[in-house]
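Containing mmCIF, N, CA and C atoms: data_19.cif.
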data_input
#
loop_
_atom_site.label_atom_id
_atom_site.label_comp_id
_atom_site.auth_asym_id
_atom_site.auth_seq_id
_atom_site.Cartn_x
_atom_site.Cartn_y
_atom_site.Cartn_z
N MET A 564 98.67 88.86 37.19
CA MET A 564 97.47 89.36 37.83
C MET A 564 97.15 88.58 39.10
N ARG A 565 97.34 87.28 39.01
CA ARG A 565 97.04 86.42 40.14
C ARG A 565 97.95 86.73 41.33
N SER A 566 99.23 86.98 41.05
CA SER A 566 100.16 87.27 42.14
C SER A 566 99.86 88.63 42.78
N ILE A 567 99.36 89.59 42.00
CA ILE A 567 99.00 90.89 42.57
C ILE A 567 97.85 90.71 43.55
N ARG A 568 96.84 89.93 43.19
CA ARG A 568 95.71 89.67 44.09
C ARG A 568 96.18 88.96 45.35
N LYS A 569 97.06 87.99 45.13
CA LYS A 569 97.58 87.21 46.26
C LYS A 569 98.30 88.13 47.25
N TYR A 570 99.19 88.99 46.73
CA TYR A 570 99.94 89.90 47.61
C TYR A 570 99.03 90.97 48.21
N SER A 571 98.06 91.43 47.48
CA SER A 571 97.11 92.41 48.02
C SER A 571 96.32 91.80 49.17
N PHE A 572 95.89 90.56 48.99
CA PHE A 572 95.14 89.87 50.03
C PHE A 572 96.02 89.68 51.28
N MET A 573 97.25 89.22 51.07
CA MET A 573 98.17 89.01 52.19
C MET A 573 98.46 90.33 52.91
N PHE A 574 98.68 91.39 52.15
CA PHE A 574 98.94 92.70 52.74
C PHE A 574 97.74 93.16 53.56
N SER A 575 96.55 92.96 53.04
CA SER A 575 95.32 93.34 53.75
C SER A 575 95.19 92.57 55.06
N CYS A 576 95.50 91.29 55.02
CA CYS A 576 95.42 90.47 56.24
C CYS A 576 96.41 90.95 57.29
N VAL A 577 97.64 91.18 56.87
CA VAL A 577 98.67 91.65 57.80
C VAL A 577 98.28 93.00 58.39
N LEU A 578 97.82 93.90 57.54
CA LEU A 578 97.42 95.23 58.00
C LEU A 578 96.25 95.14 58.98
N THR A 579 95.30 94.28 58.72
CA THR A 579 94.15 94.10 59.62
C THR A 579 94.61 93.61 60.99
N VAL A 580 95.51 92.63 61.00
CA VAL A 580 96.02 92.09 62.26
C VAL A 580 96.77 93.18 63.03
N LEU A 581 97.61 93.92 62.35
CA LEU A 581 98.38 94.98 63.02
C LEU A 581 97.47 96.06 63.59
N LEU A 582 96.51 96.49 62.82
CA LEU A 582 95.61 97.54 63.30
C LEU A 582 94.73 97.06 64.45
N SER A 583 94.27 95.83 64.39
CA SER A 583 93.44 95.33 65.49
C SER A 583 94.27 95.15 66.75
N ALA A 584 95.52 94.77 66.61
CA ALA A 584 96.39 94.63 67.79
C ALA A 584 96.63 95.98 68.43
N CYS A 585 96.82 97.01 67.62
CA CYS A 585 97.05 98.35 68.16
C CYS A 585 95.80 98.88 68.85
N GLY A 586 94.66 98.63 68.28
CA GLY A 586 93.42 99.15 68.82
C GLY A 586 92.94 98.44 70.07
N SER A 587 93.36 97.21 70.29
CA SER A 587 92.83 96.45 71.42
C SER A 587 93.67 96.58 72.68
N ALA A 588 94.81 97.23 72.58
CA ALA A 588 95.66 97.37 73.76
C ALA A 588 94.97 98.28 74.77
N GLU A 589 94.70 97.75 75.95
CA GLU A 589 94.03 98.53 76.98
C GLU A 589 95.06 99.32 77.77
N LYS A 590 94.72 100.54 78.09
CA LYS A 590 95.57 101.36 78.94
C LYS A 590 95.08 101.22 80.38
N HIS A 591 95.96 100.80 81.25
CA HIS A 591 95.63 100.67 82.66
C HIS A 591 96.39 101.72 83.44
N PRO A 592 95.84 102.14 84.57
CA PRO A 592 96.61 103.03 85.44
C PRO A 592 97.87 102.31 85.91
N GLU A 593 98.87 103.08 86.26
CA GLU A 593 100.13 102.50 86.74
C GLU A 593 99.91 101.74 88.04
N THR A 594 100.55 100.58 88.15
CA THR A 594 100.51 99.80 89.38
C THR A 594 101.92 99.66 89.92
N VAL A 595 102.02 99.43 91.22
CA VAL A 595 103.30 99.16 91.86
C VAL A 595 103.15 97.88 92.68
N PRO A 596 104.21 97.08 92.78
CA PRO A 596 104.12 95.84 93.55
C PRO A 596 103.73 96.12 95.01
N VAL A 597 102.82 95.32 95.52
CA VAL A 597 102.40 95.45 96.92
C VAL A 597 102.36 94.05 97.53
N SER A 598 103.01 93.92 98.67
CA SER A 598 102.99 92.67 99.41
C SER A 598 102.92 93.02 100.89
N GLY A 599 102.80 92.02 101.71
CA GLY A 599 102.75 92.27 103.14
C GLY A 599 102.38 91.03 103.91
N LYS A 600 101.98 91.25 105.16
CA LYS A 600 101.64 90.14 106.03
C LYS A 600 100.44 90.55 106.89
N VAL A 601 99.54 89.59 107.10
CA VAL A 601 98.37 89.81 107.94
C VAL A 601 98.49 88.93 109.17
N THR A 602 98.40 89.56 110.34
CA THR A 602 98.43 88.81 111.60
C THR A 602 97.20 89.19 112.42
N TYR A 603 96.82 88.27 113.29
CA TYR A 603 95.72 88.53 114.22
C TYR A 603 96.23 88.21 115.61
N ASP A 604 96.24 89.20 116.48
CA ASP A 604 96.83 89.08 117.82
C ASP A 604 98.26 88.56 117.75
N GLY A 605 99.01 89.04 116.77
CA GLY A 605 100.43 88.70 116.65
C GLY A 605 100.73 87.40 115.93
N LYS A 606 99.71 86.62 115.58
CA LYS A 606 99.93 85.34 114.89
C LYS A 606 99.48 85.45 113.43
N PRO A 607 100.18 84.78 112.51
CA PRO A 607 99.81 84.86 111.09
C PRO A 607 98.38 84.39 110.84
N VAL A 608 97.66 85.14 110.02
CA VAL A 608 96.34 84.70 109.55
C VAL A 608 96.64 83.67 108.45
N PRO A 609 96.21 82.40 108.60
CA PRO A 609 96.67 81.32 107.73
C PRO A 609 96.04 81.23 106.34
N LYS A 610 94.93 81.94 106.11
CA LYS A 610 94.31 81.88 104.79
C LYS A 610 93.28 82.99 104.66
N GLY A 611 92.85 83.19 103.42
CA GLY A 611 91.84 84.21 103.17
C GLY A 611 92.22 85.08 101.99
N THR A 612 91.53 86.22 101.87
CA THR A 612 91.83 87.18 100.82
C THR A 612 91.90 88.58 101.42
N ILE A 613 92.73 89.40 100.80
CA ILE A 613 92.83 90.80 101.18
C ILE A 613 92.55 91.62 99.93
N THR A 614 91.77 92.68 100.09
CA THR A 614 91.39 93.53 98.97
C THR A 614 91.74 94.98 99.27
N PHE A 615 92.46 95.62 98.35
CA PHE A 615 92.75 97.05 98.41
C PHE A 615 91.82 97.70 97.39
N GLN A 616 90.92 98.57 97.84
CA GLN A 616 89.94 99.22 96.96
C GLN A 616 90.22 100.72 96.88
N PRO A 617 90.66 101.21 95.70
CA PRO A 617 90.84 102.65 95.55
C PRO A 617 89.48 103.35 95.44
N ALA A 618 89.47 104.67 95.59
CA ALA A 618 88.21 105.43 95.48
C ALA A 618 87.57 105.21 94.12
N ASP A 619 88.37 105.21 93.08
CA ASP A 619 87.89 104.96 91.72
C ASP A 619 88.75 103.87 91.11
N GLY A 620 88.13 102.95 90.42
CA GLY A 620 88.91 101.99 89.67
C GLY A 620 88.89 100.59 90.21
N GLN A 621 89.78 99.82 89.63
CA GLN A 621 89.88 98.37 89.85
C GLN A 621 90.53 98.06 91.20
N PRO A 622 89.92 97.17 92.00
CA PRO A 622 90.56 96.76 93.25
C PRO A 622 91.73 95.82 92.99
N ALA A 623 92.61 95.76 93.97
CA ALA A 623 93.72 94.80 93.95
C ALA A 623 93.40 93.73 94.99
N VAL A 624 93.63 92.46 94.63
CA VAL A 624 93.28 91.35 95.52
C VAL A 624 94.47 90.42 95.66
N GLY A 625 94.63 89.87 96.86
CA GLY A 625 95.69 88.91 97.10
C GLY A 625 95.20 87.77 97.96
N GLU A 626 95.76 86.60 97.72
CA GLU A 626 95.44 85.42 98.53
C GLU A 626 96.42 85.38 99.70
N ILE A 627 95.88 85.21 100.89
CA ILE A 627 96.73 85.13 102.09
C ILE A 627 97.28 83.71 102.19
N GLN A 628 98.59 83.62 102.33
CA GLN A 628 99.29 82.34 102.42
C GLN A 628 99.32 81.84 103.87
N PRO A 629 99.67 80.57 104.10
CA PRO A 629 99.69 80.02 105.46
C PRO A 629 100.56 80.80 106.46
N ASP A 630 101.58 81.51 105.97
CA ASP A 630 102.43 82.31 106.87
C ASP A 630 101.90 83.73 107.04
N GLY A 631 100.71 84.02 106.48
CA GLY A 631 100.11 85.34 106.60
C GLY A 631 100.51 86.31 105.50
N SER A 632 101.42 85.91 104.64
CA SER A 632 101.90 86.81 103.59
C SER A 632 100.92 86.89 102.42
N PHE A 633 101.03 87.98 101.65
CA PHE A 633 100.20 88.16 100.46
C PHE A 633 100.93 89.01 99.44
N GLN A 634 100.53 88.87 98.18
CA GLN A 634 100.97 89.73 97.08
C GLN A 634 99.71 90.10 96.30
N LEU A 635 99.60 91.37 95.94
CA LEU A 635 98.38 91.84 95.28
C LEU A 635 98.46 91.77 93.76
N SER A 636 97.29 91.59 93.16
CA SER A 636 97.13 91.60 91.70
C SER A 636 95.94 92.49 91.35
N THR A 637 96.12 93.31 90.30
CA THR A 637 95.03 94.18 89.85
C THR A 637 94.62 93.84 88.43
N PHE A 638 95.53 94.01 87.48
CA PHE A 638 95.24 93.74 86.07
C PHE A 638 95.91 92.46 85.59
N GLY A 639 96.98 92.05 86.27
CA GLY A 639 97.72 90.85 85.93
C GLY A 639 98.27 90.24 87.20
N GLU A 640 98.79 89.05 87.08
CA GLU A 640 99.27 88.32 88.26
C GLU A 640 100.39 89.07 88.98
N LYS A 641 100.14 89.38 90.24
CA LYS A 641 101.10 90.00 91.15
C LYS A 641 101.67 91.31 90.61
N ASP A 642 100.84 92.08 89.87
CA ASP A 642 101.29 93.37 89.37
C ASP A 642 101.14 94.48 90.40
N GLY A 643 100.51 94.19 91.53
CA GLY A 643 100.39 95.16 92.61
C GLY A 643 99.07 95.90 92.61
N ALA A 644 99.12 97.15 93.04
CA ALA A 644 97.92 97.99 93.17
C ALA A 644 98.18 99.34 92.52
N VAL A 645 97.11 100.04 92.18
CA VAL A 645 97.26 101.39 91.62
C VAL A 645 97.68 102.34 92.73
N LEU A 646 98.31 103.42 92.35
CA LEU A 646 98.77 104.42 93.31
C LEU A 646 97.58 105.14 93.94
N GLY A 647 97.73 105.52 95.20
CA GLY A 647 96.70 106.30 95.88
C GLY A 647 96.19 105.65 97.15
N VAL A 648 95.16 106.27 97.71
CA VAL A 648 94.57 105.80 98.97
C VAL A 648 93.60 104.66 98.69
N HIS A 649 93.69 103.63 99.52
CA HIS A 649 92.84 102.44 99.38
C HIS A 649 92.18 102.11 100.71
N LYS A 650 90.91 101.73 100.65
CA LYS A 650 90.26 101.10 101.80
C LYS A 650 90.55 99.61 101.67
N ILE A 651 90.63 98.94 102.81
CA ILE A 651 91.05 97.54 102.80
C ILE A 651 90.06 96.67 103.55
N MET A 652 89.80 95.48 102.97
CA MET A 652 89.02 94.47 103.68
C MET A 652 89.76 93.14 103.63
N ILE A 653 89.58 92.37 104.68
CA ILE A 653 90.24 91.08 104.79
C ILE A 653 89.19 90.05 105.19
N ILE A 654 89.12 88.98 104.42
CA ILE A 654 88.17 87.90 104.72
C ILE A 654 88.98 86.64 105.00
N SER A 655 88.74 86.06 106.16
CA SER A 655 89.44 84.83 106.53
C SER A 655 88.50 83.98 107.38
N ASN A 656 88.22 82.78 106.88
CA ASN A 656 87.36 81.86 107.63
C ASN A 656 87.77 80.42 107.35
N THR A 657 87.08 79.51 108.00
CA THR A 657 87.43 78.09 107.91
C THR A 657 86.76 77.38 106.75
N ALA A 658 86.20 78.12 105.80
CA ALA A 658 85.47 77.51 104.68
C ALA A 658 86.37 76.56 103.90
N ASP A 659 85.79 75.43 103.51
CA ASP A 659 86.47 74.46 102.65
C ASP A 659 85.90 74.65 101.24
N PRO A 660 86.71 75.13 100.29
CA PRO A 660 86.19 75.42 98.95
C PRO A 660 85.66 74.19 98.21
N THR A 661 85.98 72.99 98.69
CA THR A 661 85.49 71.79 98.01
C THR A 661 84.10 71.39 98.49
N MET A 662 83.63 72.01 99.57
CA MET A 662 82.32 71.68 100.12
C MET A 662 81.27 72.67 99.63
N ILE A 663 80.11 72.15 99.21
CA ILE A 663 79.01 72.98 98.73
C ILE A 663 77.92 72.99 99.79
N PRO A 664 77.55 74.19 100.28
CA PRO A 664 76.51 74.25 101.32
C PRO A 664 75.22 73.56 100.86
N GLY A 665 74.70 72.71 101.73
CA GLY A 665 73.43 72.04 101.45
C GLY A 665 73.52 70.79 100.60
N SER A 666 74.65 70.55 99.93
CA SER A 666 74.71 69.36 99.08
C SER A 666 75.94 68.49 99.33
N SER A 667 76.92 68.97 100.06
CA SER A 667 78.09 68.16 100.37
C SER A 667 77.90 67.48 101.71
N PRO A 668 78.04 66.14 101.76
CA PRO A 668 77.93 65.46 103.05
C PRO A 668 79.07 65.93 103.97
N GLY A 669 78.75 66.17 105.21
CA GLY A 669 79.76 66.60 106.16
C GLY A 669 80.03 68.10 106.12
N TYR A 670 79.22 68.86 105.37
CA TYR A 670 79.42 70.31 105.29
C TYR A 670 79.25 70.93 106.67
N VAL A 671 80.21 71.77 107.03
CA VAL A 671 80.16 72.50 108.29
C VAL A 671 80.20 73.99 107.96
N LYS A 672 79.30 74.74 108.57
CA LYS A 672 79.27 76.18 108.33
C LYS A 672 80.61 76.79 108.75
N PRO A 673 81.23 77.59 107.87
CA PRO A 673 82.54 78.16 108.19
C PRO A 673 82.48 79.13 109.37
N LYS A 674 83.58 79.19 110.10
CA LYS A 674 83.72 80.13 111.22
C LYS A 674 84.76 81.17 110.83
N ASP A 675 84.52 82.40 111.28
CA ASP A 675 85.48 83.47 111.02
C ASP A 675 86.75 83.25 111.83
N ILE A 676 87.89 83.47 111.18
CA ILE A 676 89.19 83.38 111.86
C ILE A 676 89.54 84.73 112.48
N ILE A 677 89.07 85.80 111.86
CA ILE A 677 89.29 87.16 112.35
C ILE A 677 87.93 87.80 112.61
N PRO A 678 87.88 88.89 113.38
CA PRO A 678 86.59 89.55 113.62
C PRO A 678 85.89 89.95 112.32
N LYS A 679 84.58 89.81 112.32
CA LYS A 679 83.74 90.06 111.14
C LYS A 679 83.87 91.50 110.62
N LYS A 680 84.23 92.45 111.47
CA LYS A 680 84.31 93.84 111.02
C LYS A 680 85.31 94.04 109.89
N TYR A 681 86.31 93.17 109.79
CA TYR A 681 87.32 93.29 108.74
C TYR A 681 86.82 92.79 107.38
N ASN A 682 85.64 92.15 107.34
CA ASN A 682 85.10 91.57 106.11
C ASN A 682 84.51 92.60 105.15
N GLN A 683 84.37 93.85 105.58
CA GLN A 683 83.76 94.88 104.73
C GLN A 683 84.60 96.15 104.73
N LEU A 684 84.62 96.81 103.57
CA LEU A 684 85.37 98.06 103.44
C LEU A 684 84.86 99.12 104.40
N GLN A 685 83.55 99.17 104.60
CA GLN A 685 82.94 100.22 105.42
C GLN A 685 83.22 100.06 106.91
N THR A 686 83.51 98.85 107.36
CA THR A 686 83.67 98.62 108.79
C THR A 686 85.08 98.22 109.22
N SER A 687 85.96 97.93 108.28
CA SER A 687 87.29 97.42 108.66
C SER A 687 88.14 98.47 109.36
N GLY A 688 87.98 99.74 108.98
CA GLY A 688 88.84 100.77 109.56
C GLY A 688 90.26 100.74 109.02
N LEU A 689 90.50 99.89 108.02
CA LEU A 689 91.85 99.76 107.46
C LEU A 689 91.98 100.60 106.20
N GLU A 690 93.12 101.28 106.09
CA GLU A 690 93.38 102.12 104.93
C GLU A 690 94.88 102.14 104.70
N ALA A 691 95.28 102.28 103.44
CA ALA A 691 96.71 102.38 103.11
C ALA A 691 96.86 103.29 101.90
N THR A 692 97.96 104.01 101.87
CA THR A 692 98.30 104.83 100.72
C THR A 692 99.40 104.13 99.95
N VAL A 693 99.07 103.66 98.76
CA VAL A 693 100.04 102.95 97.91
C VAL A 693 100.86 104.00 97.17
N SER A 694 102.18 103.88 97.29
CA SER A 694 103.09 104.82 96.63
C SER A 694 104.28 104.06 96.05
N LYS A 695 105.04 104.75 95.23
CA LYS A 695 106.24 104.13 94.65
C LYS A 695 107.31 103.92 95.70
N ASP A 696 107.23 104.65 96.82
CA ASP A 696 108.25 104.59 97.86
C ASP A 696 108.06 103.45 98.85
N LYS A 697 106.90 102.81 98.82
CA LYS A 697 106.62 101.76 99.80
C LYS A 697 105.96 100.57 99.11
N SER A 698 106.45 99.36 99.41
CA SER A 698 105.87 98.18 98.77
C SER A 698 105.36 97.15 99.77
N ALA A 699 105.69 97.30 101.06
CA ALA A 699 105.26 96.33 102.07
C ALA A 699 104.24 96.96 103.01
N TYR A 700 103.13 96.27 103.18
CA TYR A 700 102.05 96.75 104.04
C TYR A 700 101.63 95.60 104.95
N ASP A 701 101.92 95.75 106.25
CA ASP A 701 101.58 94.72 107.23
C ASP A 701 100.39 95.18 108.06
N PHE A 702 99.53 94.21 108.41
CA PHE A 702 98.33 94.51 109.19
C PHE A 702 98.27 93.56 110.37
N ASP A 703 98.32 94.12 111.61
CA ASP A 703 98.16 93.32 112.81
C ASP A 703 96.77 93.61 113.36
N LEU A 704 95.86 92.70 113.10
CA LEU A 704 94.47 92.88 113.49
C LEU A 704 94.28 92.54 114.96
N LYS A 705 93.33 93.22 115.59
CA LYS A 705 93.04 92.99 117.02
C LYS A 705 91.61 92.53 117.19
#
The structure in this file should be written as C-alpha coordinates.
Amino acid sequence: MRSIRKYSFMFSCVLTVLLSACGSAEKHPETVPVSGKVTYDGKPVPKGTITFQPADGQPAVGEIQPDGSFQLSTFGEKDGAVLGVHKIMIISNTADPTMIPGSSPGYVKPKDIIPKKYNQLQTSGLEATVSKDKSAYDFDLK
(Lines of atoms letter the chains of each structure in order from A and count residues from 1; the text may use other names and numbers.)
(Lines give C-alpha, C1' and ligand atoms only; values in the text may rest on other atoms or scores of the structure.)
Protein backbone atom coordinates (compact mmCIF):
# COMPACT_ATOMS: atom_id res chain seq x y z
CA MET A 1 0.00 0.00 0.00
CA ARG A 2 2.81 2.35 0.89
CA SER A 3 4.57 1.85 -2.44
CA ILE A 4 1.34 2.55 -4.35
CA ARG A 5 0.99 5.91 -2.56
CA LYS A 6 4.64 6.65 -3.17
CA TYR A 7 4.36 5.94 -6.91
CA SER A 8 1.04 7.79 -7.18
CA PHE A 9 2.60 10.83 -5.54
CA MET A 10 5.67 10.67 -7.80
CA PHE A 11 3.48 10.24 -10.89
CA SER A 12 1.36 13.24 -9.84
CA CYS A 13 4.47 15.39 -9.38
CA VAL A 14 5.90 14.43 -12.76
CA LEU A 15 2.55 15.01 -14.47
CA THR A 16 2.19 18.43 -12.81
CA VAL A 17 5.66 19.48 -13.96
CA LEU A 18 5.03 18.31 -17.51
CA LEU A 19 1.66 20.01 -17.78
CA SER A 20 2.92 23.28 -16.32
CA ALA A 21 5.87 23.27 -18.73
CA CYS A 22 3.53 22.78 -21.68
CA GLY A 23 1.16 25.49 -20.54
CA SER A 24 3.80 28.13 -19.86
CA ALA A 25 5.47 28.06 -23.27
CA GLU A 26 4.82 31.45 -24.83
CA LYS A 27 4.20 31.72 -28.54
CA HIS A 28 6.05 34.62 -30.10
CA PRO A 29 5.77 35.92 -33.63
CA GLU A 30 8.55 34.75 -35.93
CA THR A 31 11.73 36.83 -35.82
CA VAL A 32 14.62 37.04 -38.26
CA PRO A 33 18.18 38.16 -37.48
CA VAL A 34 18.71 41.88 -38.07
CA SER A 35 22.02 43.70 -37.95
CA GLY A 36 23.49 46.77 -39.54
CA LYS A 37 25.51 49.91 -39.10
CA VAL A 38 24.63 53.46 -38.10
CA THR A 39 26.71 56.34 -39.44
CA TYR A 40 26.35 60.10 -39.16
CA ASP A 41 27.80 62.12 -42.04
CA GLY A 42 29.65 59.00 -43.16
CA LYS A 43 31.32 58.29 -39.79
CA PRO A 44 30.29 55.47 -37.39
CA VAL A 45 27.98 56.48 -34.55
CA PRO A 46 30.09 55.21 -31.60
CA LYS A 47 27.35 54.37 -29.08
CA GLY A 48 23.65 54.44 -28.36
CA THR A 49 20.57 52.34 -29.01
CA ILE A 50 18.49 51.63 -32.08
CA THR A 51 14.85 50.57 -31.86
CA PHE A 52 12.73 48.93 -34.57
CA GLN A 53 9.04 49.37 -33.64
CA PRO A 54 6.42 47.37 -35.59
CA ALA A 55 2.85 48.71 -35.89
CA ASP A 56 1.72 46.06 -33.40
CA GLY A 57 3.82 44.12 -30.97
CA GLN A 58 7.16 44.01 -29.28
CA PRO A 59 9.95 46.36 -30.42
CA ALA A 60 13.41 45.11 -31.29
CA VAL A 61 16.34 46.93 -29.66
CA GLY A 62 20.07 46.87 -30.27
CA GLU A 63 23.09 48.48 -28.66
CA ILE A 64 25.25 50.45 -31.07
CA GLN A 65 28.90 49.36 -30.87
CA PRO A 66 31.95 51.69 -31.22
CA ASP A 67 32.19 50.82 -34.95
CA GLY A 68 28.52 51.77 -35.47
CA SER A 69 27.33 48.18 -35.81
CA PHE A 70 24.28 46.71 -34.07
CA GLN A 71 22.33 43.46 -33.70
CA LEU A 72 18.68 43.49 -32.67
CA SER A 73 16.93 41.54 -29.91
CA THR A 74 13.17 41.18 -29.43
CA PHE A 75 12.30 38.18 -27.25
CA GLY A 76 15.81 36.80 -26.69
CA GLU A 77 19.39 37.86 -27.17
CA LYS A 78 20.12 38.78 -30.79
CA ASP A 79 17.04 36.95 -32.11
CA GLY A 80 16.32 39.84 -34.49
CA ALA A 81 13.02 41.54 -35.24
CA VAL A 82 9.52 40.43 -36.22
CA LEU A 83 8.64 40.49 -39.91
CA GLY A 84 6.97 43.59 -41.34
CA VAL A 85 7.27 47.36 -41.49
CA HIS A 86 9.02 49.10 -38.59
CA LYS A 87 9.47 52.72 -37.60
CA ILE A 88 12.96 53.34 -36.28
CA MET A 89 14.49 55.60 -33.66
CA ILE A 90 18.13 56.02 -32.75
CA ILE A 91 19.39 57.58 -29.52
CA SER A 92 23.05 58.48 -29.22
CA ASN A 93 24.55 60.93 -26.75
CA THR A 94 27.56 61.48 -24.52
CA ALA A 95 25.80 60.27 -21.35
CA ASP A 96 27.94 58.38 -18.86
CA PRO A 97 25.78 55.61 -17.35
CA THR A 98 27.83 55.68 -14.14
CA MET A 99 26.91 59.32 -13.44
CA ILE A 100 23.63 60.19 -11.70
CA PRO A 101 22.19 63.64 -12.52
CA GLY A 102 22.24 65.90 -9.47
CA SER A 103 24.14 63.52 -7.19
CA SER A 104 27.36 62.51 -8.97
CA PRO A 105 30.26 64.95 -8.58
CA GLY A 106 31.47 66.08 -11.98
CA TYR A 107 28.17 65.26 -13.70
CA VAL A 108 27.96 66.89 -17.12
CA LYS A 109 24.68 67.12 -19.01
CA PRO A 110 24.92 64.77 -22.01
CA LYS A 111 25.13 66.16 -25.54
CA ASP A 112 23.48 64.57 -28.55
CA ILE A 113 25.87 62.89 -30.98
CA ILE A 114 23.23 62.84 -33.73
CA PRO A 115 20.38 65.28 -34.45
CA LYS A 116 17.56 65.11 -31.89
CA LYS A 117 14.95 64.29 -34.56
CA TYR A 118 16.23 60.68 -34.66
CA ASN A 119 15.39 60.22 -30.93
CA GLN A 120 11.67 59.68 -31.58
CA LEU A 121 9.68 57.35 -33.82
CA GLN A 122 7.40 60.20 -34.92
CA THR A 123 10.20 62.50 -36.09
CA SER A 124 13.03 60.24 -37.24
CA GLY A 125 11.65 59.62 -40.73
CA LEU A 126 13.34 56.22 -40.63
CA GLU A 127 11.50 53.07 -41.64
CA ALA A 128 12.49 49.55 -42.67
CA THR A 129 10.65 46.46 -43.86
CA VAL A 130 12.06 43.39 -42.12
CA SER A 131 11.86 40.30 -44.31
CA LYS A 132 13.41 36.85 -44.56
CA ASP A 133 15.29 38.02 -47.68
CA LYS A 134 17.23 40.83 -45.99
CA SER A 135 19.18 40.85 -42.73
CA ALA A 136 21.40 43.96 -42.96
CA TYR A 137 20.02 47.46 -42.50
CA ASP A 138 22.42 50.41 -42.64
CA PHE A 139 21.48 53.99 -41.76
CA ASP A 140 23.56 57.01 -42.83
CA LEU A 141 22.11 59.90 -40.86
CA LYS A 142 22.48 63.50 -42.03
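For Gln634 of chain A, the non-local neighbours within 7 Å, defined as residues at least 3 positions apart in the same chain or in other chains and counting only C-alpha atoms, are Val597, Ser598, Gly599, Gly625 and Lys641 of chain A.
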Only N, CA and C atoms, please: the residues just picked out, written as a PDB file, keeping the file's coordinate frame.
ATOM      1  N   VAL A 597     102.820  95.320  95.520  1.00  0.00           N
ATOM      2  CA  VAL A 597     102.400  95.450  96.920  1.00  0.00           C
ATOM      3  C   VAL A 597     102.360  94.050  97.530  1.00  0.00           C
ATOM      4  N   SER A 598     103.010  93.920  98.670  1.00  0.00           N
ATOM      5  CA  SER A 598     102.990  92.670  99.410  1.00  0.00           C
ATOM      6  C   SER A 598     102.920  93.020 100.890  1.00  0.00           C
ATOM      7  N   GLY A 599     102.800  92.020 101.710  1.00  0.00           N
ATOM      8  CA  GLY A 599     102.750  92.270 103.140  1.00  0.00           C
ATOM      9  C   GLY A 599     102.380  91.030 103.910  1.00  0.00           C
ATOM     10  N   GLY A 625      94.630  89.870  96.860  1.00  0.00           N
ATOM     11  CA  GLY A 625      95.690  88.910  97.100  1.00  0.00           C
ATOM     12  C   GLY A 625      95.200  87.770  97.960  1.00  0.00           C
ATOM     13  N   LYS A 641     100.140  89.380  90.240  1.00  0.00           N
ATOM     14  CA  LYS A 641     101.100  90.000  91.150  1.00  0.00           C
ATOM     15  C   LYS A 641     101.670  91.310  90.610  1.00  0.00           C
TER      16      LYS A 641
END
*Output as a ChimeraX atom specification all residues of chain A that backbone DSSP marks as strand (DSSP E).*
/A:594-595,598-603,606-607,611-617,623-627,632-634,644-645,647-654,689-693,699-704
*asked:* Taking 3 positions as the minimum chain separation for residues in the same chain, which residues sit within 7 Å of Gly611 of chain A when counting only C-alpha atoms? Answer as a list of chain:residue names.
replied: A:Glu626, A:Ile627, A:Ile654, A:Ser655, A:Asn656
*Between A:Leu646, A:Ile676, A:Met652, A:Ser636, which has the minimum distance to Glu690 of chain A (counting all atoms listed in the file)?*
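Closest to Glu690 of chain A of all the choices is A:Met652.
Among the candidates A:Lys705, A:His649, A:Lys610, A:Lys695, the residue lying nearest to Lys680 of chain A is A:Lys705 (atoms considered: only C-alpha atoms).
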